[in-house]
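Step one of this worksheet: look at the structure below.
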Amino acid sequence: MRESRRIRRMERNRKKVTGLSLTSLMDVFTILVFFLLANSSSNEVLTTPKQIKLPDSVVESKPRETVVIMISPEVVLVQGESVIGTPELLGSKNEKIPAVSERLEQLERNIIGINTKQVAESKEITILADKTIPFRVLKKIMTTCTDSGYGRISLAVIQKATQS
């Protein structure tokens, strides 16, 4: 079948859409990357070591960045540094623990950067203690912290779903 002149002319003048416009797609991905970068820094979930089993609780507020004390059945760590063994602490008659207070003083002296300064000046401590640790060990740690000037003490727990 023969094509008419009009059909050929219309085919010549018709713009053919080929390919995909990547400009708008790149804009969307750029905005998505910036959004994820901005919101990933506000995630302040403490990671718990495998040897510490935290108790469960319903938590309403997000944790703040603080000095972290981890108490496992074997050792007590202040900001990741081992200071005393838990069995040794349990057998001790003293209410204050000199090794913990020395480490807290050392943290205050060795301030590096704005984040560390804010953590040290907040005078807050978060205690991650295994749920099998006796309360008298926690009481000794908390007494030492308050004597060192850290008045706000939080106990870390595993967040359960809120009860409706």
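Going by the structure tokens order, chains are called A, B, ..., each with residues numbered from 1, while ligands are numbered from 1 in the order shown.
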Quick one: residues within 8 Å of Ser72 of chain A, only C-alpha atoms counted, chain neighbours fewer than 6 positions away excluded, as an MDAnalysis selection string? chainID A and resid 51:52 86 129:130 133
Selected residues written out, N, CA and C atoms, as a PDB file, in the first residue's frame:
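Below is the file part-v4.pdb, written as the result:
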```pdb
ATOM      1  N   GLN A  51      27.720 -10.503  75.706  1.00  0.00           N
ATOM      2  CA  GLN A  51      27.781 -11.074  77.046  1.00  0.00           C
ATOM      3  C   GLN A  51      26.873 -10.373  78.049  1.00  0.00           C
ATOM      4  N   ILE A  52      26.262  -9.243  77.661  1.00  0.00           N
ATOM      5  CA  ILE A  52      25.359  -8.525  78.562  1.00  0.00           C
ATOM      6  C   ILE A  52      23.930  -8.719  78.089  1.00  0.00           C
ATOM      7  N   THR A  86      34.130  -7.818  87.939  1.00  0.00           N
ATOM      8  CA  THR A  86      32.861  -7.832  88.679  1.00  0.00           C
ATOM      9  C   THR A  86      32.949  -8.712  89.944  1.00  0.00           C
ATOM     10  N   ALA A 129      23.868  -2.923  82.385  1.00  0.00           N
ATOM     11  CA  ALA A 129      24.216  -3.994  83.311  1.00  0.00           C
ATOM     12  C   ALA A 129      23.474  -5.266  82.934  1.00  0.00           C
ATOM     13  N   ASP A 130      24.173  -6.377  83.019  1.00  0.00           N
ATOM     14  CA  ASP A 130      23.545  -7.666  82.787  1.00  0.00           C
ATOM     15  C   ASP A 130      22.440  -7.853  83.824  1.00  0.00           C
ATOM     16  N   ILE A 133      23.257  -9.349  87.324  1.00  0.00           N
ATOM     17  CA  ILE A 133      24.136  -8.635  88.267  1.00  0.00           C
ATOM     18  C   ILE A 133      23.342  -8.281  89.523  1.00  0.00           C
TER      19      ILE A 133
END
```
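If only C-alpha atoms are the atoms counted, then among A:Leu90, A:Met142, A:Ala38, A:Val78 the closest residue to Thr66 of chain A is A:Val78.
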Using only C-alpha atoms, which of A:Leu128, A:Cys145, A:Met10, A:Leu37 sits nearest Glu102 of chain A? A:Cys145
For Pro98 of chain A, work out the shell of residues within 12 Å, counting only C-alpha atoms and skipping chain neighbours fewer than 2 positions away, then give it as a PyMOL selection string. chain A and resi 83-84+89+92+94-96+100-105+140-141+143-145+147-148
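Within 7 Å of Gly85 of chain A, once only C-alpha atoms are used and residues closer than 3 positions along the same chain are dropped, the contacting residues are Glu74, Val75, Val76, Glu88 and Leu89 of chain A.
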Restrict the selected residues to N, CA, C and O atoms and save them as a compact mmCIF listing (two decimals), in the first residue's frame.
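New file selection_6.txt:
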```
# COMPACT_ATOMS: atom_id res chain seq x y z
N GLU A 74 31.68 -10.65 84.15
CA GLU A 74 33.12 -10.78 84.32
C GLU A 74 33.84 -9.48 84.66
O GLU A 74 34.77 -9.47 85.45
N VAL A 75 33.42 -8.36 84.02
CA VAL A 75 34.21 -7.12 84.11
C VAL A 75 33.30 -5.89 84.05
O VAL A 75 32.19 -5.95 83.53
N VAL A 76 33.83 -4.77 84.60
CA VAL A 76 33.15 -3.47 84.52
C VAL A 76 33.96 -2.60 83.55
O VAL A 76 35.16 -2.44 83.72
N GLU A 88 35.53 -9.24 91.80
CA GLU A 88 36.34 -8.46 92.74
C GLU A 88 35.51 -7.33 93.36
O GLU A 88 35.59 -7.06 94.55
N LEU A 89 34.68 -6.70 92.54
CA LEU A 89 33.80 -5.63 93.00
C LEU A 89 32.75 -6.17 93.96
O LEU A 89 32.42 -5.53 94.96
```
List the neighbours of Ala156 of chain A out to 8 Å using only C-alpha atoms; skip same-chain residues closer than 2 positions along the sequence, and give me the result as a PDB file with N, CA and C atoms, in the first residue's frame.
```pdb
ATOM      1  N   LEU A  54      20.297  -7.382  78.775  1.00  0.00           N
ATOM      2  CA  LEU A  54      19.581  -6.281  79.425  1.00  0.00           C
ATOM      3  C   LEU A  54      18.158  -6.693  79.768  1.00  0.00           C
ATOM      4  N   THR A 126      25.048   6.416  81.559  1.00  0.00           N
ATOM      5  CA  THR A 126      24.140   5.334  81.223  1.00  0.00           C
ATOM      6  C   THR A 126      24.816   4.033  81.633  1.00  0.00           C
ATOM      7  N   ILE A 127      24.107   3.236  82.412  1.00  0.00           N
ATOM      8  CA  ILE A 127      24.655   1.962  82.883  1.00  0.00           C
ATOM      9  C   ILE A 127      23.993   0.829  82.118  1.00  0.00           C
ATOM     10  N   LEU A 128      24.813   0.013  81.440  1.00  0.00           N
ATOM     11  CA  LEU A 128      24.351  -1.193  80.774  1.00  0.00           C
ATOM     12  C   LEU A 128      24.797  -2.352  81.654  1.00  0.00           C
ATOM     13  N   ALA A 129      23.868  -2.923  82.385  1.00  0.00           N
ATOM     14  CA  ALA A 129      24.216  -3.994  83.311  1.00  0.00           C
ATOM     15  C   ALA A 129      23.474  -5.266  82.934  1.00  0.00           C
ATOM     16  N   SER A 154      21.171   6.783  84.213  1.00  0.00           N
ATOM     17  CA  SER A 154      20.123   6.042  83.498  1.00  0.00           C
ATOM     18  C   SER A 154      20.539   4.594  83.385  1.00  0.00           C
ATOM     19  N   ILE A 158      16.138  -3.093  77.249  1.00  0.00           N
ATOM     20  CA  ILE A 158      15.684  -3.423  75.899  1.00  0.00           C
ATOM     21  C   ILE A 158      14.258  -2.915  75.752  1.00  0.00           C
TER      22      ILE A 158
END
```
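Atom CA of Arg6 of chain A is positioned 29.8 Å from atom CA of Leu20 of chain A.
For the atom pair formed by atom CA of Val68 of chain A and atom CA of Leu155 of chain A, the distance is 9.9 Å, given to one decimal.
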